[in-house]
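First comes the structure, then the notes that go with it.
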Amino acid sequence: GQQLNQNPQSMFIQEGEDVSMNCTSSSIFNTWLWYKQDPGEGPVLLIALYKAGELTSNGRLTAQFGITRKDSFLNISASIPSDVGIYFCAGQPLQGAQKLVFGQGTRLTINP
Amino acid sequence: GAGVSQSPSNKVTEKGKDVELRCDPISGHTALYWYRQSLGQGLEFLIYFQGNSAPDKSGLPSDRFSAERTGGSVSTLTIQRTQQEDSAVYLCASSLDRAGYEQFFGPGTRLTVL
């Protein structure tokens, strides 16, 4: 079935540094989404991407839908303590379009 | 006007007992999803409801798992004869009709099976 490979699995950075994470797949996806999950909470949608090549920003966050439709990246600029959490990519596959496939998550830790 | 709510927030049960987890989706959202998240893992799709259509149960791990959605709103996930490997956070999400990709999640129910 469709799988998303999310990298890295964890990141340890200093406050103020930029962050980059990505998701790749062998399958094509119609839509890519990026979620953030804080401890004890459900994931919250950060950015949704609908077209191949699309580059979208949300404050300090920037995400791109890969031109091949098989990958996406998320960048966070000038990280702050509240950026700590787990970031998940999710893709809407061509088949079974109402179901999202999730990556395994990137755990971000920030040293002040 | 609130978001997706789930109850209970935590559930501890003994192996072999049945449990029911509840989800109240966002008002007006016709699609409802259940996911399971094991410790340190991603989200595993369980079941999907869309309006009055038959649910997509393709993610349910065994016949001990079942779910209902009454009146197109509230949903209950039932796990019968719980096993220790059922311990996880169970997340519910809802979305508007065809916009299934923009799913809004509840806080989850943490299930611990002793």
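Chain labels run A, B, ... following the order of the structure tokens; each chain numbers its residues from 1, and ligands are numbered from 1 in the order shown.
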
Who sits within 12 Å of stretch 61-76 of chain B, only C-alpha atoms, same chain under 2 positions skipped, as a PyMOL selection string
chain B and resi 4-8+16-36+44-59+78-83+85-86+90-95+97+109

* DSSP strand (DSSP E or B) residues within chain B, as a count of residues only -> 54

message = If the cut-off is 9 Å, can you tell me the residues of chain A near chain B, counting only C-alpha atoms? I'd like them as an MDAnalysis selection string.
response = chainID A and resid 31:33 40:45 48 88 90:92 97:105

Atom CA of A:Ser27 to atom CA of A:Ser77 measures 28.9 Å
